[in-house]
Structures are given as C-alpha cells and as structure tokens.
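What follows is a short report on a single structure.
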Amino acid sequence: MKKPRAIGVGVVGLGFMGRTHVEAWRAANQAGLPNRLVAVCDTDPQRRSGRSMQGGNITKGSGAELLFDPALVHGYAELDEMLGDERVEVVSICTHTRTHVDMAVRALRAGKHVLVEKPVALTAAAMEPLVRTAAESDRLCMPAHCMRFWPGWDWLAERVREGTFGAPRSVVFRRLGSRPDWSPLYADDQESGGALVDLHLHDVDFLRFAFGDPRSVLAGGSLHHVTALYRFAGAPQHAAAEGGWDHTGGFPFRMAYLAVFDEATAEFDLSRSPALVVHRGGKSETVSLAPESGYDGEVRHLLSAVAKGRRDLRATVEDALAAARLLDAERESLRSGATVKLR
C-alpha cells in the first residue's frame, strides 16, 4: 500500500501560539497523519533559528529545547516570501489579531490552506474581507476555535446533539485567569479586545456550536471581566458564560462548565483530575478523556480534510463571523446595560 504523502506546513508567528501549532503539527505526524514543517515566518531571527520563549495558560514543554531543526526548516522574515515557497501547502497564522485577516487573505490567494488563530478579528466588520475571500477560494480556511475539539467539550456537544441525558436545562461556562504577560499587546484593549474578545470568545463560540444561535444577550461587567446571559428560542432556558483576566498574577487559570440536563448533570474542571464527572441516578461517574488537547484536535481535523479533499470543516470562517457578531452584541450590552436582540 502506498504511503500517504507528507503535507508541507508553514507557521507564521513563533510566539506562544506559534510554538503550540508547531508542536501540534509534529504530534499529528507522529499519530499517523503525515505532515512536515518546511517553513516558518517571524521577524525575530532568534525565533527563526528554532528558539522560542515559552508562555501561556496551558504550558507545554520545557521551552529549553529547539522548537525545530533550522537545518530542515527554512526561516522567512517576510510572509510573501514564505507564501512563494511551493513546499508550503498549509499555513498556520499565529501572529497578533490585527494581522490575521490580511495574512489569511494573502495566503488563500497564494493557493494555501489556512488555519488562522482566534480571535480572527476584533469585530465582525473587520472579518468580512476574509469571509468573502474564503468563499471564493478552492482552499480551506479554518479558524482555530479549539474548544470545538477539546476533550470533554466535544463530548458535551455530542451529548446535546444525541439527547443522551434528555433536554439541556442549564449551562454555565467559566474561563478565568490573570492577564497574559507573554506579549505587551494584551495590555492594549485596542489590540487585544480585552478578555471579552480574546478569552470569552472560546465560550461564546462553543455555546453556538452546542446550542445554536441565541435570540438575545445581556452582558454585565467590563472588557476585562464579563458575565453574559443568553436566551434561546428553546433549550436551555438558563445559559451563562463568565470570562475574565482581571485576577492578580499567580491566580491559576480555570476553565470549567456545569451542564444540567433532564436526567444528569455534567461538570468539567480543567484543574481537577479526572476533569469530567457525570452525576446521574444518585451516582457520580468519571468520563475518560483523550490525552490530546483541542490544539491537537483542530490541526488533525484540518490535516485530514486537506488530505482527503473534504470541505466539511467543524469550524468555518462563517462560524467565526457569527461568534464575532455575538461579541459585538455583548460589547453593546456592556455599554448600554440593556439586553441586545440578535438577528
């Protein structure tokens, strides 16, 4: 049987998320989805040499080892030069948010498949040029909405779709931490969008993925710590998401949900082992989860689609646009103090 061809990958931006993508592509190859990192792009020559500082909420690796072998991976200082490399078939865009749309559009027009980090843009309006370009392209463009692939969260979405425990009654998401300190951009709300856009987006997107579009939203708090209440035409009747990074340094990152169904309650807490517990019929049982992260899942999903010529992605730029519109509505609700109806 002929061995599948390794798909060439290029990663743009070698900060925390760039490092995470490099490691996810490597892990996918080791798991039997052939690909190889052939190029990277970063303005920092030290990063282009394979040295990348470690950081992030969910730490991976020691950060002391080389991220890649510079003898095997070509380093580019300019994106267009990397896009001219015919070996690069898929591009991971891991630069700061304001560059995402422009870089993704350029990559698609250069004939590359694209995985673009979240948030794709700070507002829905800023995202529209990419949505149009992706619709016109024969290449794939997927936003890195990793919670759709996160073990325990994909499980929840499946339970909702299958009606395993009956109808959902209530769901509450929590995502809390201190402001990221591995880039000065996080200190500028005009660049990061605050916790509302950079952190809370994860739960907003997953809420849509699992339950569909809400009819309205009421948000309280600030760009740095927000709690939003959502109303749906049907179930769940109670839905809320809290996201904030205004805790003092040293506060441990927390990612959790509590989902109440007619016949069971499921709770996930990343800081606990086991992370996922289901309470049902007077008993509590743990759920075994895959060891991979959502970063691994999103990379493998896109890689499989590229290899098989599929276009049915679990996360699309249209999904990213809809999530951005919901965040726009939450921003308006924060400003006005009123419930905002959605289209």
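To be explicit about the labels: the chains of the structure tokens are called A, B, and onward in the order shown, and within each one the residues are counted from 1, while ligands get numbers from 1 in the order they are shown.
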
Selection near segment 126-139 of chain A, 10 Å with only C-alpha atoms, sequence-local residues under 5 positions removed, as a PyMOL selection string = chain A and resi 89-90+98+100-114+119-121+306+309+311+316-321+324

Within 10 Å of segment 155-166 of chain A, counting only C-alpha atoms, which residues qualify if same-chain residues fewer than 3 places away don't, as a compact mmCIF listing (two decimals) with C-alpha atoms, in the first residue's frame?
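Here's the written file result-v4.txt:
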```txt
# COMPACT_ATOMS: atom_id res chain seq x y z
CA ARG A 148 -14.93 22.56 19.47
CA PHE A 149 -12.18 19.94 19.59
CA TRP A 150 -11.29 19.96 23.30
CA PRO A 151 -11.75 16.59 25.04
CA GLY A 152 -14.72 16.90 27.39
CA ARG A 169 -31.89 22.85 31.21
CA PHE A 206 -18.75 26.80 21.91
CA LEU A 207 -22.18 27.96 23.08
CA PHE A 209 -21.58 25.12 18.45
CA ALA A 210 -23.52 23.16 21.05
CA PHE A 211 -26.84 25.02 21.24
CA TYR A 257 -18.54 24.17 32.73
CA ALA A 259 -24.34 21.46 32.33
CA VAL A 260 -27.70 20.35 33.75
CA PHE A 261 -29.89 18.01 31.71
CA ASP A 262 -33.26 16.40 32.48
CA GLU A 263 -31.53 13.20 33.55
CA ALA A 264 -27.98 14.15 34.56
CA THR A 265 -25.56 16.89 35.50
CA ALA A 266 -22.12 17.06 33.88
CA GLU A 267 -19.26 19.12 35.28
CA PHE A 268 -15.86 19.78 33.76
CA LEU A 276 -15.12 15.40 33.72
CA ARG A 280 -26.84 10.60 37.38
CA VAL A 287 -15.55 10.11 31.97
CA LEU A 289 -10.92 11.71 28.00
```

Compile the contact shell of segment 293-295 of chain A as a ChimeraX atom specification: residues with an atom at most 10 Å away, counting only C-alpha atoms, same-chain residues fewer than 5 positions apart removed.
-> /A:17,20-21,23-25,58,144-154,300

If we count only C-alpha atoms and set the cut-off at 9 Å, which residues sit around segment 33-47 of chain A, ignoring sequence neighbours fewer than 4 positions away in its own chain? Please answer as a short mmCIF file (atom, residue, chain, number, x, y, z; two decimals) with C-alpha atoms, in the first residue's frame.
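Okay, this is what ended up in part_6.cif:
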```
data_model
loop_
_atom_site.label_atom_id
_atom_site.label_comp_id
_atom_site.auth_asym_id
_atom_site.auth_seq_id
_atom_site.Cartn_x
_atom_site.Cartn_y
_atom_site.Cartn_z
CA PRO A 4 0.47 8.86 2.18
CA ARG A 5 2.41 11.94 1.15
CA ALA A 6 3.51 14.29 3.91
CA ILE A 7 1.76 17.67 3.57
CA GLY A 8 4.06 20.70 3.83
CA VAL A 9 3.29 23.14 6.65
CA GLY A 10 4.38 26.71 7.29
CA VAL A 11 3.84 28.56 10.59
CA VAL A 12 3.68 32.36 10.77
CA GLY A 13 4.48 33.91 14.14
CA LEU A 14 6.52 31.93 16.66
CA GLY A 15 5.27 33.23 19.99
CA VAL A 22 4.40 23.63 15.63
CA TRP A 25 1.60 19.54 13.69
CA ARG A 26 4.52 17.41 14.92
CA ALA A 27 2.23 15.35 17.16
CA ALA A 28 -0.21 14.83 14.29
CA ASN A 29 2.59 13.42 12.16
CA ARG A 51 14.49 29.21 19.72
CA SER A 52 11.10 30.24 21.10
CA MET A 53 10.20 31.51 24.54
CA LEU A 67 11.38 24.12 18.58
CA PHE A 68 12.57 22.75 15.23
CA LEU A 72 15.44 21.30 7.88
CA VAL A 73 13.03 24.24 8.21
CA HIS A 74 13.50 27.42 6.17
CA GLY A 75 13.05 30.64 8.10
CA TYR A 76 11.48 33.65 6.39
CA ALA A 77 11.28 37.22 7.66
CA GLU A 78 8.54 38.18 5.18
CA LEU A 79 5.20 36.43 4.72
CA GLU A 81 8.43 35.13 0.62
CA MET A 82 7.13 32.13 2.57
CA ASP A 85 7.60 28.53 -1.22
CA ARG A 87 6.58 23.23 -0.49
CA VAL A 88 4.16 25.08 1.84
CA THR A 95 0.51 36.48 14.75
CA ARG A 300 -5.70 16.92 12.85
CA LEU A 303 -5.00 17.99 8.05
CA SER A 304 -7.46 15.15 7.43
CA ALA A 307 -5.54 15.05 2.70
#
```

Quote the spacing between atom CA of Ala239 of chain A and atom CA of Val277 of chain A in Å to one decimal place.
-> 19.6 Å

Just list the residues in segment 86-230 of chain A DSSP gives helix (DSSP H, G or I) on the backbone, as a ChimeraX atom specification.
-> /A:97-109,124-136,146-149,153-162,184-187,189-192,194-198,201-211

What are the DSSP strand (DSSP E) residues of segment 10-246 of chain A, as a VMD selection string?
-> chain A and resid 10 to 12 35 to 41 74 to 76 90 to 93 113 to 116 141 to 143 168 to 178 216 to 222 225 to 231 238 to 246

Which neighbours of Leu223 of chain A fall inside 9 Å, counting only C-alpha atoms, when residues of the same chain fewer than 4 positions from it are skipped, and could you give them as JSON, numbers by chain?
-> {"A": [189, 193, 194, 195, 196, 197, 244, 331, 334]}

Residue subset to file, keeping C-alpha atoms, as a CSV table (one decimal), in the first residue's frame:
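Dumped to selection10.csv:
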```
chain,number,residue,atom,x,y,z
A,189,ASP,CA,-7.6,46.8,24.6
A,193,GLY,CA,-10.1,43.4,22.5
A,194,GLY,CA,-9.7,42.6,26.2
A,195,ALA,CA,-10.8,39.4,27.8
A,196,LEU,CA,-14.2,39.8,26.1
A,197,VAL,CA,-12.7,39.1,22.7
A,244,GLY,CA,-12.2,37.4,32.9
A,331,ARG,CA,-20.0,44.8,23.8
A,334,LEU,CA,-21.9,46.3,28.3
```

Could you tell me how far atom CA of Ala228 of chain A lies from atom CA of Asp213 of chain A, in Å and to one decimal?
->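 Going from atom CA of Ala228 of chain A over to atom CA of Asp213 of chain A covers 14.0 Å.
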
Distance of atom CA of Arg175 of chain A from atom CA of Ser288 of chain A, expressed in Å to one decimal place |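 So the answer is 21.9 Å.
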